[in-house]
Amino acid sequence: MSDQFDVIVIGGGPGGYVAAIRAAQLGFKTLCVDNFVGKNGKPALGGTCLNVGCIPSKAVLDSSKHFWQMQHYNVHGISFENPRIDVPAMIARKDKIVKQLTGGIAQLFKANKVTVAHATGTLLADKHVQLTAPDGKTATVQGQHIILAPGSVPISIPNVSIDNTYILDNAGALDLTETPKRLGVIGAGVIGLELGSVWNRLGSDVMVFEAMDTFLAAADQAIAKQALREMKKQGLDIRLATFVKQAEVKDGRVHVTIEHNGEQTTEVFDRLLVAVGRKPNTQGLLAPDAGVDLTDRGHIQVDEQCRTSVPGVWAIGDAVRGPMLAHKASEEGIAVAERIAGQHPHLDLDTVPFVIYTEPEIAWVGQTEEQLKAAGVEYKAGSFPFAANGRALAMNEPQGMVKMLADANTDEILGVHIFGPGASELIAECVVAMEFKGCAEDLARIIHAHPTLSEAVHEAALNVDKRAIHRAN
Ligand code: FAD
Ligand code: NAD
C-alpha cells in the first residue's frame, strides 16, 4: 500500500464510507481506515449503522411487526393458530442482511478504487495518520486531506455496567437468543422505544425508565402525547421522571434500583437495556500534537462546512455537532468530498428529517410548535387524523395524525410532524417542500393520489387554511 493519498478517511460508517466513495468518484486517491469488527470476528465496513444500528434494528423491527400483526389479523377475517417466534432464526435473518450490506460496501470500494485498511487510525501532526493493525503492527501514511468520521459510542451511567449478557447496549439487545420475560429499558429515547417495542411485540413485559418528565421532549408535543398514549396501549410501561440509581446482576436476574418522586424501589428483570444517548468516539483518534480542537461536550469542533481547527482536516457525522443520524453523516461526507474538489455544495441542517421507527412511526422535519412559540414566531397550524384517511382505515392502521405548521404571514412551511402509518416515507414530500421554501398552499394545490396515506399530508396542508375537505375545520 502506498503511503501517500489525496484523501484519507478515518471511519467506515455512513459518514466515512460515503465520503470515501464520493472522493474517489471525484478522482482522488482515497484511503478509508476502519477498525470495526463484525459478529464473526472479521472486519466489517458500515460502522454502527450497518452493523449494530439502523439496519439490524429495522430488520428485527420488521420481524416483530409481522409476528404482532399475525396475532391481530382476525380483523381481516384471517386467523392463525398459535403463531410462534423463533428468535435465533429472526436474528440469523438480521445477520444475513447485515452481511449482505457490509459486504456490499467492500465491493463498492473495489469498484470505486478506494483503498481500505482494517486498522485504528490516529491523526498525527502535519496530516500524517498512524495505522495500528489488530496485531499491533503500525504504519504511517499521509494525506493532502483527512476526513475524521469516527462516529459515536453508547453513553454509560454510574452503577450500571454493561456486560452484554444481562445488561445490554444496542449491540446486545440486537443479539438476544430468546425473548426475555421481563425487559427493563433505561431511556425512552429513540433506541429505547424502537428496541423496547421490538421485544414488547415478541412477548416481553417491557418497562421503560425515563429521567425527563416530558416524553420525547425534542418532538412536537401534540404528536408525543398521541405516541405515548398509543405505546402505553401496546403494553410499554413507560415511567417518566424516573432515575435509575443502580443495577446489579444477582442469580441471573437484574435488580434495578429506581427513584421516582424521592422514593426508591427495586424492579427485577431478565435483561436490562441501557439506551441513554451516545457520545463522540474520539478515543485514540487524535495524537496530542494533531492540533484538532474538541468542544467541551467532546465533539470534534467544526465550522458549518465541517472544517476542523487544522486546515485540510475535516470532520463529519456523529462525532460533530448536529443530530446523530446516518443520513446527516452521509450528506456531510458527500459535501466535504465535493468541497475538497473545489465545489460549493450546500447542506441545510434545518431540514434534516427525523424518524422513530415505532409502530406507528413518528417522523418530523423543521420546527415544533413549542419551538415556534418560544421564538415568538407567528404561525398557523393544520392537522389531519389518519382515522379520516380511507387508505389508513383499509390498512387497519387509523392511529395518529399529520400536523403542519406554516408562517402566519408568508405561509412558508416551518415544520411537519407525523405520527402514523408510513410516516418515514410521508415525511420525504415535506422535506422537499421545505427545501424549496414551499408554502402550505403549494402542498394543498398538488394532486395526491387516491387512496393513499399521502392524502393526509394534503389535507393537513388544506387545514392550515381551514379548508380541509374530509374533516371539520
Ligand atoms: P459510525 O457509523 O459510528 O461509524 C464510525 C466507524 O468508524 C466505525 O466503524 C468505527 O469502528 C470506526 N472508527 C472509529 N474510530 C476509529 C479510528 N480511530 N480508526 C479507525 N476506525 C475508527 N440513524 C438513522 O439515521 N436512522 C436509523 O434508523 C438509526 N437507527 C439506529 C439504531 C441504533 C440501535 C443505533 C445505535 C443508531 C442508529 N442510528 C440511526 C444512528 C446512526 O447509526 C449513526 O448516526 C451513524 O451510524 C453515524 O455514522 P458515522 O459514520 O458518523 O459513524
Ligand atoms: P436519545 O438521546 O434518543 O435518548 C436517550 C434518553 O435517555 C433521553 O430521553 C434521556 O432523557 C434519557 N436518559 C438519559 N440519562 C438517563 C438516565 N440516567 N435515566 C433515565 N433516562 C435517561 O439516545 P438513544 O436512544 O441512546 O439514541 C442515541 C442516538 O442514536 C440518538 O441521538 C439518535 O439520533 C440515534 N438513533 C437514531 C435512530 C433513528 O433515527 N431512528 C434510531 C436509534 C438511534
# chains A, B, ... in the order shown; residues from 1 in each chain; ligands from 1
>>> residues_around(residues="A:Gln226", least_positions_apart="4", cutoff="10 Å", atoms="only C-alpha atoms", output="list in words")
Gln221, Ala222, Glu230, Met231, Gln399, Gly400, Met401, Phe419 and Gly420 of chain A
>>> write_last_selection(atoms="all heavy atoms", output="PDB file, in the first residue's frame")
ATOM      1  N   GLN A 221     -45.097  18.296  20.856  1.00  0.00           N
ATOM      2  CA  GLN A 221     -45.727  17.638  21.997  1.00  0.00           C
ATOM      3  C   GLN A 221     -47.131  17.103  21.694  1.00  0.00           C
ATOM      4  O   GLN A 221     -47.591  16.188  22.376  1.00  0.00           O
ATOM      5  CB  GLN A 221     -45.700  18.559  23.225  1.00  0.00           C
ATOM      6  CG  GLN A 221     -44.309  18.610  23.879  1.00  0.00           C
ATOM      7  CD  GLN A 221     -43.771  17.220  24.240  1.00  0.00           C
ATOM      8  OE1 GLN A 221     -44.328  16.535  25.085  1.00  0.00           O
ATOM      9  NE2 GLN A 221     -42.690  16.771  23.581  1.00  0.00           N
ATOM     10  N   ALA A 222     -47.810  17.642  20.691  1.00  0.00           N
ATOM     11  CA  ALA A 222     -49.119  17.073  20.322  1.00  0.00           C
ATOM     12  C   ALA A 222     -48.913  15.659  19.780  1.00  0.00           C
ATOM     13  O   ALA A 222     -49.688  14.726  20.072  1.00  0.00           O
ATOM     14  CB  ALA A 222     -49.798  17.946  19.285  1.00  0.00           C
ATOM     15  N   GLU A 230     -50.472   5.718  22.662  1.00  0.00           N
ATOM     16  CA  GLU A 230     -50.516   4.520  21.830  1.00  0.00           C
ATOM     17  C   GLU A 230     -49.521   3.461  22.332  1.00  0.00           C
ATOM     18  O   GLU A 230     -49.827   2.272  22.386  1.00  0.00           O
ATOM     19  CB  GLU A 230     -50.223   4.916  20.369  1.00  0.00           C
ATOM     20  CG  GLU A 230     -50.269   3.788  19.370  1.00  0.00           C
ATOM     21  CD  GLU A 230     -51.624   3.074  19.290  1.00  0.00           C
ATOM     22  OE1 GLU A 230     -52.655   3.711  19.542  1.00  0.00           O
ATOM     23  OE2 GLU A 230     -51.598   1.858  19.002  1.00  0.00           O
ATOM     24  N   MET A 231     -48.323   3.934  22.710  1.00  0.00           N
ATOM     25  CA  MET A 231     -47.314   2.961  23.154  1.00  0.00           C
ATOM     26  C   MET A 231     -47.708   2.305  24.470  1.00  0.00           C
ATOM     27  O   MET A 231     -47.462   1.126  24.684  1.00  0.00           O
ATOM     28  CB  MET A 231     -45.952   3.632  23.249  1.00  0.00           C
ATOM     29  CG  MET A 231     -45.346   3.718  21.878  1.00  0.00           C
ATOM     30  SD  MET A 231     -43.902   4.733  21.849  1.00  0.00           S
ATOM     31  CE  MET A 231     -44.033   5.309  20.181  1.00  0.00           C
ATOM     32  N   GLN A 399     -54.359   4.995  13.579  1.00  0.00           N
ATOM     33  CA  GLN A 399     -53.829   5.829  14.659  1.00  0.00           C
ATOM     34  C   GLN A 399     -53.012   6.997  14.117  1.00  0.00           C
ATOM     35  O   GLN A 399     -52.328   6.869  13.108  1.00  0.00           O
ATOM     36  CB  GLN A 399     -52.899   5.016  15.595  1.00  0.00           C
ATOM     37  CG  GLN A 399     -53.565   3.879  16.339  1.00  0.00           C
ATOM     38  CD  GLN A 399     -53.685   2.633  15.486  1.00  0.00           C
ATOM     39  OE1 GLN A 399     -53.165   2.559  14.384  1.00  0.00           O
ATOM     40  NE2 GLN A 399     -54.406   1.654  15.996  1.00  0.00           N
ATOM     41  N   GLY A 400     -53.043   8.114  14.857  1.00  0.00           N
ATOM     42  CA  GLY A 400     -52.115   9.215  14.582  1.00  0.00           C
ATOM     43  C   GLY A 400     -52.656  10.306  13.684  1.00  0.00           C
ATOM     44  O   GLY A 400     -53.842  10.328  13.330  1.00  0.00           O
ATOM     45  N   MET A 401     -51.755  11.221  13.325  1.00  0.00           N
ATOM     46  CA  MET A 401     -52.165  12.378  12.516  1.00  0.00           C
ATOM     47  C   MET A 401     -50.955  13.014  11.821  1.00  0.00           C
ATOM     48  O   MET A 401     -49.810  12.714  12.142  1.00  0.00           O
ATOM     49  CB  MET A 401     -52.808  13.430  13.415  1.00  0.00           C
ATOM     50  CG  MET A 401     -51.825  14.078  14.396  1.00  0.00           C
ATOM     51  SD  MET A 401     -52.572  15.554  15.119  1.00  0.00           S
ATOM     52  CE  MET A 401     -51.493  15.865  16.502  1.00  0.00           C
ATOM     53  N   PHE A 419     -47.361  11.273  13.096  1.00  0.00           N
ATOM     54  CA  PHE A 419     -47.388  10.026  13.857  1.00  0.00           C
ATOM     55  C   PHE A 419     -48.425   9.177  13.138  1.00  0.00           C
ATOM     56  O   PHE A 419     -49.599   9.556  13.085  1.00  0.00           O
ATOM     57  CB  PHE A 419     -47.800  10.297  15.307  1.00  0.00           C
ATOM     58  CG  PHE A 419     -48.029   9.042  16.115  1.00  0.00           C
ATOM     59  CD1 PHE A 419     -47.039   8.068  16.219  1.00  0.00           C
ATOM     60  CD2 PHE A 419     -49.227   8.821  16.788  1.00  0.00           C
ATOM     61  CE1 PHE A 419     -47.242   6.913  16.965  1.00  0.00           C
ATOM     62  CE2 PHE A 419     -49.441   7.670  17.531  1.00  0.00           C
ATOM     63  CZ  PHE A 419     -48.444   6.722  17.623  1.00  0.00           C
ATOM     64  N   GLY A 420     -47.980   8.092  12.536  1.00  0.00           N
ATOM     65  CA  GLY A 420     -48.958   7.287  11.818  1.00  0.00           C
ATOM     66  C   GLY A 420     -48.292   6.357  10.836  1.00  0.00           C
ATOM     67  O   GLY A 420     -47.061   6.346  10.687  1.00  0.00           O
TER      68      GLY A 420
END
>>> closest_atom_pairs(of="chain A", to="ligand 1", cutoff="6 Å", atoms="only C-alpha atoms and all ligand atoms", output="Markdown table")
| residue | atom | partner | partner_atom_place_in_ligand_line | distance |
| --- | --- | --- | --- | --- |
| A:Ile10 | CA | ligand 1 | 20 (C) | 5.2 |
| A:Gly11 | CA | ligand 1 | 7 (O) | 3.2 |
| A:Gly12 | CA | ligand 1 | 6 (C) | 4.7 |
| A:Gly13 | CA | ligand 1 | 4 (O) | 3.4 |
| A:Pro14 | CA | ligand 1 | 51 (O) | 4.2 |
| A:Gly15 | CA | ligand 1 | 51 (O) | 3.5 |
| A:Gly16 | CA | ligand 1 | 51 (O) | 5.1 |
| A:Val33 | CA | ligand 1 | 20 (C) | 5.1 |
| A:Asp34 | CA | ligand 1 | 21 (N) | 3.5 |
| A:Asn35 | CA | ligand 1 | 21 (N) | 4.1 |
| A:Phe36 | CA | ligand 1 | 11 (O) | 3.9 |
| A:Gly47 | CA | ligand 1 | 9 (O) | 3.2 |
| A:Thr48 | CA | ligand 1 | 2 (O) | 3.8 |
| A:Cys49 | CA | ligand 1 | 43 (O) | 3.5 |
| A:Val52 | CA | ligand 1 | 34 (C) | 6.0 |
| A:Gly53 | CA | ligand 1 | 33 (C) | 3.3 |
| A:Cys54 | CA | ligand 1 | 30 (N) | 3.2 |
| A:Ser57 | CA | ligand 1 | 32 (C) | 5.8 |
| A:Ala119 | CA | ligand 1 | 20 (C) | 5.7 |
| A:Thr120 | CA | ligand 1 | 19 (N) | 3.5 |
| A:Gly121 | CA | ligand 1 | 19 (N) | 3.8 |
| A:Thr122 | CA | ligand 1 | 18 (N) | 5.5 |
| A:Ala149 | CA | ligand 1 | 52 (O) | 5.3 |
| A:Pro150 | CA | ligand 1 | 14 (C) | 3.5 |
| A:Gly151 | CA | ligand 1 | 53 (O) | 3.0 |
| A:Ser152 | CA | ligand 1 | 3 (O) | 4.8 |
| A:Asn170 | CA | ligand 1 | 34 (C) | 5.0 |
| A:Ile191 | CA | ligand 1 | 34 (C) | 5.5 |
| A:Gly284 | CA | ligand 1 | 18 (N) | 5.8 |
| A:Leu285 | CA | ligand 1 | 18 (N) | 4.3 |
| A:Gly317 | CA | ligand 1 | 52 (O) | 3.4 |
| A:Asp318 | CA | ligand 1 | 52 (O) | 4.0 |
| A:Met324 | CA | ligand 1 | 45 (O) | 4.1 |
| A:Leu325 | CA | ligand 1 | 45 (O) | 3.3 |
| A:Ala326 | CA | ligand 1 | 25 (O) | 3.7 |
| A:His327 | CA | ligand 1 | 25 (O) | 5.2 |
| A:Ala329 | CA | ligand 1 | 52 (O) | 5.2 |
>>> residues_around(residues="stretch 134-141 of chain A", least_positions_apart="4", cutoff="9 Å", atoms="only C-alpha atoms", output="list in words")
Ser2, Asp3, Gln4, Phe5, Ile8, Asn35, His118, Ala119, Thr120, Lys127, His128, Val129 and Gln130 of chain A
>>> write_last_selection(atoms="N, CA and C atoms", output="PDB file, in the first residue's frame")
ATOM      1  N   SER A   2       0.491   2.209  -0.842  1.00  0.00           N
ATOM      2  CA  SER A   2       1.214   3.486  -0.908  1.00  0.00           C
ATOM      3  C   SER A   2       1.132   4.210   0.444  1.00  0.00           C
ATOM      4  N   ASP A   3       2.053   5.120   0.719  1.00  0.00           N
ATOM      5  CA  ASP A   3       1.915   5.861   1.980  1.00  0.00           C
ATOM      6  C   ASP A   3       1.464   7.313   1.750  1.00  0.00           C
ATOM      7  N   GLN A   4       1.095   7.634   0.523  1.00  0.00           N
ATOM      8  CA  GLN A   4       0.622   8.994   0.204  1.00  0.00           C
ATOM      9  C   GLN A   4      -0.762   8.923  -0.452  1.00  0.00           C
ATOM     10  N   PHE A   5      -1.700   9.683   0.069  1.00  0.00           N
ATOM     11  CA  PHE A   5      -3.056   9.700  -0.507  1.00  0.00           C
ATOM     12  C   PHE A   5      -3.536  11.148  -0.657  1.00  0.00           C
ATOM     13  N   ILE A   8      -7.585  10.822   3.062  1.00  0.00           N
ATOM     14  CA  ILE A   8      -7.640   9.683   3.992  1.00  0.00           C
ATOM     15  C   ILE A   8      -8.878   9.881   4.863  1.00  0.00           C
ATOM     16  N   ASN A  35     -11.891   0.335  11.890  1.00  0.00           N
ATOM     17  CA  ASN A  35     -11.479  -0.721  12.825  1.00  0.00           C
ATOM     18  C   ASN A  35     -12.637  -1.569  13.336  1.00  0.00           C
ATOM     19  N   HIS A 118      -7.832  -2.134   7.423  1.00  0.00           N
ATOM     20  CA  HIS A 118      -8.508  -2.503   8.671  1.00  0.00           C
ATOM     21  C   HIS A 118      -7.528  -2.220   9.806  1.00  0.00           C
ATOM     22  N   ALA A 119      -7.685  -1.066  10.404  1.00  0.00           N
ATOM     23  CA  ALA A 119      -6.729  -0.603  11.420  1.00  0.00           C
ATOM     24  C   ALA A 119      -7.370   0.538  12.195  1.00  0.00           C
ATOM     25  N   THR A 120      -6.750   0.877  13.312  1.00  0.00           N
ATOM     26  CA  THR A 120      -7.177   2.087  14.026  1.00  0.00           C
ATOM     27  C   THR A 120      -6.313   3.235  13.528  1.00  0.00           C
ATOM     28  N   LYS A 127      -0.932  16.173   9.026  1.00  0.00           N
ATOM     29  CA  LYS A 127      -1.816  15.270   8.266  1.00  0.00           C
ATOM     30  C   LYS A 127      -1.213  13.878   8.021  1.00  0.00           C
ATOM     31  N   HIS A 128      -0.351  13.464   8.940  1.00  0.00           N
ATOM     32  CA  HIS A 128       0.092  12.058   8.946  1.00  0.00           C
ATOM     33  C   HIS A 128      -0.911  11.260   9.772  1.00  0.00           C
ATOM     34  N   VAL A 129      -1.125  10.017   9.383  1.00  0.00           N
ATOM     35  CA  VAL A 129      -2.030   9.147  10.140  1.00  0.00           C
ATOM     36  C   VAL A 129      -1.286   7.861  10.474  1.00  0.00           C
ATOM     37  N   GLN A 130      -1.283   7.526  11.751  1.00  0.00           N
ATOM     38  CA  GLN A 130      -0.685   6.237  12.140  1.00  0.00           C
ATOM     39  C   GLN A 130      -1.757   5.163  12.065  1.00  0.00           C
TER      40      GLN A 130
END
>>> residues_near_ligand(ligand="ligand 2", cutoff="7 Å", atoms="only C-alpha atoms and all ligand atoms", output="PyMOL selection string")
chain A and resi 53-54+154+157+186-192+209-212+216+242-244+275-278+323-325+354-357
>>> select_by_dssp(residues="stretch 61-263 of chain A", states="strand (DSSP E)", output="count of residues only")
60
>>> closest_residue(among="A:Ala20, A:Ala392, A:Leu31, A:Leu294", to="A:Gly46", atoms="only C-alpha atoms")
A:Ala20
>>> residues_around(residues="stretch 71-81 of chain A", least_positions_apart="6", cutoff="12 Å", atoms="only C-alpha atoms", output="number ranges by chain")
A: 64-65, 201-203, 393-397
>>> residues_around(residues="A:Gly235", least_positions_apart="3", cutoff="8 Å", atoms="only C-alpha atoms", output="VMD selection string")
chain A and resid 200 205 to 206 231 to 232
>>> residues_around(residues="A:Lys250", least_positions_apart="5", cutoff="12 Å", atoms="only C-alpha atoms", output="PyMOL selection string")
chain A and resi 166-167+255-256+268-271
>>> select_by_dssp(residues="stretch 232-404 of chain A", states="alpha helix (DSSP H)", output="VMD selection string")
chain A and resid 232 to 233 326 to 340 369 to 375 390 to 394
>>> residues_around(residues="A:Leu174", least_positions_apart="4", cutoff="12 Å", atoms="only C-alpha atoms", output="ChimeraX atom specification")
/A:39,51-61,87-88,90-95,98,164-165,168-170,178-179,191,194-196,198-199,273
>>> write_last_selection(atoms="N, CA, C and O atoms", output="tab-separated table (two decimals), in the first residue's frame")
chain	number	residue	atom	x	y	z
A	39	LYS	N	-19.66	-9.44	14.02
A	39	LYS	CA	-20.02	-10.50	14.96
A	39	LYS	C	-19.18	-11.76	14.74
A	39	LYS	O	-18.91	-12.50	15.67
A	51	ASN	N	-23.91	-2.29	11.10
A	51	ASN	CA	-23.59	-3.47	11.91
A	51	ASN	C	-24.46	-3.63	13.14
A	51	ASN	O	-24.93	-4.72	13.44
A	52	VAL	N	-24.66	-2.51	13.87
A	52	VAL	CA	-25.38	-2.62	15.15
A	52	VAL	C	-26.37	-1.47	15.35
A	52	VAL	O	-26.70	-1.12	16.49
A	53	GLY	N	-26.81	-0.86	14.26
A	53	GLY	CA	-27.68	0.32	14.39
A	53	GLY	C	-28.89	0.25	13.48
A	53	GLY	O	-29.72	-0.66	13.57
A	54	CYS	N	-28.93	1.21	12.54
A	54	CYS	CA	-30.11	1.42	11.69
A	54	CYS	C	-30.62	0.13	11.06
A	54	CYS	O	-31.81	-0.20	11.17
A	55	ILE	N	-29.73	-0.57	10.36
A	55	ILE	CA	-30.19	-1.69	9.53
A	55	ILE	C	-30.62	-2.90	10.38
A	55	ILE	O	-31.75	-3.38	10.25
A	56	PRO	N	-29.75	-3.40	11.30
A	56	PRO	CA	-30.22	-4.55	12.08
A	56	PRO	C	-31.45	-4.24	12.93
A	56	PRO	O	-32.32	-5.09	13.11
A	57	SER	N	-31.54	-2.98	13.44
A	57	SER	CA	-32.71	-2.67	14.26
A	57	SER	C	-33.98	-2.69	13.41
A	57	SER	O	-35.03	-3.15	13.86
A	58	LYS	N	-33.86	-2.22	12.15
A	58	LYS	CA	-35.07	-2.22	11.31
A	58	LYS	C	-35.41	-3.65	10.88
A	58	LYS	O	-36.59	-3.98	10.68
A	59	ALA	N	-34.40	-4.51	10.73
A	59	ALA	CA	-34.69	-5.91	10.37
A	59	ALA	C	-35.51	-6.57	11.47
A	59	ALA	O	-36.53	-7.21	11.20
A	60	VAL	N	-35.10	-6.39	12.74
A	60	VAL	CA	-35.87	-7.05	13.81
A	60	VAL	C	-37.19	-6.33	14.07
A	60	VAL	O	-38.18	-6.95	14.47
A	61	LEU	N	-37.21	-5.01	13.82
A	61	LEU	CA	-38.49	-4.29	13.95
A	61	LEU	C	-39.51	-4.89	12.99
A	61	LEU	O	-40.66	-5.12	13.35
A	87	VAL	N	-36.61	-16.97	17.78
A	87	VAL	CA	-35.72	-15.80	17.92
A	87	VAL	C	-34.38	-16.03	17.21
A	87	VAL	O	-33.91	-15.15	16.47
A	88	PRO	N	-33.71	-17.18	17.40
A	88	PRO	CA	-32.44	-17.37	16.67
A	88	PRO	C	-32.61	-17.25	15.16
A	88	PRO	O	-31.75	-16.69	14.47
A	90	MET	N	-34.84	-15.36	13.62
A	90	MET	CA	-35.04	-13.93	13.37
A	90	MET	C	-33.68	-13.20	13.38
A	90	MET	O	-33.39	-12.38	12.51
A	91	ILE	N	-32.84	-13.56	14.36
A	91	ILE	CA	-31.52	-12.90	14.47
A	91	ILE	C	-30.63	-13.32	13.29
A	91	ILE	O	-29.87	-12.51	12.74
A	92	ALA	N	-30.76	-14.58	12.87
A	92	ALA	CA	-29.95	-15.05	11.72
A	92	ALA	C	-30.34	-14.28	10.46
A	92	ALA	O	-29.49	-13.93	9.64
A	93	ARG	N	-31.65	-13.99	10.29
A	93	ARG	CA	-32.09	-13.20	9.12
A	93	ARG	C	-31.47	-11.81	9.19
A	93	ARG	O	-30.93	-11.28	8.21
A	94	LYS	N	-31.49	-11.23	10.39
A	94	LYS	CA	-30.90	-9.90	10.59
A	94	LYS	C	-29.41	-9.93	10.24
A	94	LYS	O	-28.90	-9.06	9.51
A	95	ASP	N	-28.71	-10.98	10.70
A	95	ASP	CA	-27.26	-11.09	10.44
A	95	ASP	C	-26.97	-11.21	8.95
A	95	ASP	O	-25.98	-10.69	8.44
A	98	VAL	N	-27.21	-7.81	7.38
A	98	VAL	CA	-26.03	-7.02	7.75
A	98	VAL	C	-24.84	-7.46	6.89
A	98	VAL	O	-24.11	-6.62	6.33
A	164	ASN	N	-23.38	-7.04	28.26
A	164	ASN	CA	-24.00	-7.60	27.05
A	164	ASN	C	-24.43	-9.06	27.20
A	164	ASN	O	-24.62	-9.76	26.22
A	165	THR	N	-24.58	-9.49	28.46
A	165	THR	CA	-25.24	-10.76	28.72
A	165	THR	C	-26.58	-10.46	29.40
A	165	THR	O	-27.64	-10.84	28.92
A	168	LEU	N	-27.49	-4.74	28.73
A	168	LEU	CA	-27.17	-4.68	27.31
A	168	LEU	C	-27.07	-3.25	26.79
A	168	LEU	O	-27.76	-2.36	27.26
A	169	ASP	N	-26.23	-3.07	25.76
A	169	ASP	CA	-26.32	-1.85	24.96
A	169	ASP	C	-27.06	-2.23	23.67
A	169	ASP	O	-27.62	-3.33	23.56
A	170	ASN	N	-27.03	-1.35	22.66
A	170	ASN	CA	-27.77	-1.64	21.43
A	170	ASN	C	-27.31	-2.94	20.76
A	170	ASN	O	-28.12	-3.72	20.26
A	178	GLU	N	-33.22	-15.37	23.05
A	178	GLU	CA	-34.63	-15.66	23.36
A	178	GLU	C	-35.30	-14.41	23.88
A	178	GLU	O	-34.61	-13.45	24.26
A	179	THR	N	-36.62	-14.41	23.87
A	179	THR	CA	-37.36	-13.23	24.34
A	179	THR	C	-37.30	-13.18	25.86
A	179	THR	O	-37.73	-14.13	26.51
A	191	ILE	N	-33.60	4.74	20.71
A	191	ILE	CA	-33.23	3.31	20.81
A	191	ILE	C	-34.15	2.59	21.79
A	191	ILE	O	-34.64	1.49	21.52
A	194	GLU	N	-37.55	2.09	20.09
A	194	GLU	CA	-37.53	1.15	18.96
A	194	GLU	C	-37.28	-0.28	19.45
A	194	GLU	O	-38.03	-1.20	19.13
A	195	LEU	N	-36.19	-0.47	20.22
A	195	LEU	CA	-35.86	-1.84	20.63
A	195	LEU	C	-36.79	-2.33	21.73
A	195	LEU	O	-37.11	-3.52	21.80
A	196	GLY	N	-37.25	-1.40	22.59
A	196	GLY	CA	-38.23	-1.78	23.62
A	196	GLY	C	-39.48	-2.31	22.94
A	196	GLY	O	-40.04	-3.34	23.35
A	198	VAL	N	-39.73	-3.66	19.94
A	198	VAL	CA	-39.45	-4.96	19.29
A	198	VAL	C	-39.72	-6.09	20.28
A	198	VAL	O	-40.51	-7.02	20.01
A	199	TRP	N	-39.08	-5.99	21.45
A	199	TRP	CA	-39.19	-7.12	22.39
A	199	TRP	C	-40.57	-7.17	23.02
A	199	TRP	O	-41.07	-8.26	23.35
A	273	LEU	N	-31.79	-3.06	29.13
A	273	LEU	CA	-31.17	-2.33	28.00
A	273	LEU	C	-30.86	-0.91	28.45
A	273	LEU	O	-31.73	-0.22	28.99
>>> atom_distance(atom1="atom CA of A:Lys437", atom2="atom CA of A:Leu414")
9.1 Å
>>> closest_residue(among="A:Asp237, A:Glu378, A:Glu338, A:Asp303", to="A:Gly322", atoms="only C-alpha atoms")
A:Asp303
>>> closest_residue(among="A:Lys328, A:Asp175, A:Val160, A:Ala440", to="A:Ile258", atoms="only C-alpha atoms")
A:Val160
>>> closest_residue(among="A:Thr452, A:Asn281, A:Thr102, A:Thr266", to="A:Ala388", atoms="only C-alpha atoms")
A:Thr452
>>> atom_distance(atom1="atom CA of A:Glu425", atom2="atom CA of A:Arg467")
24.8 Å
>>> atom_distance(atom1="atom CA of A:Leu405", atom2="atom CA of A:Ile223")
12.8 Å
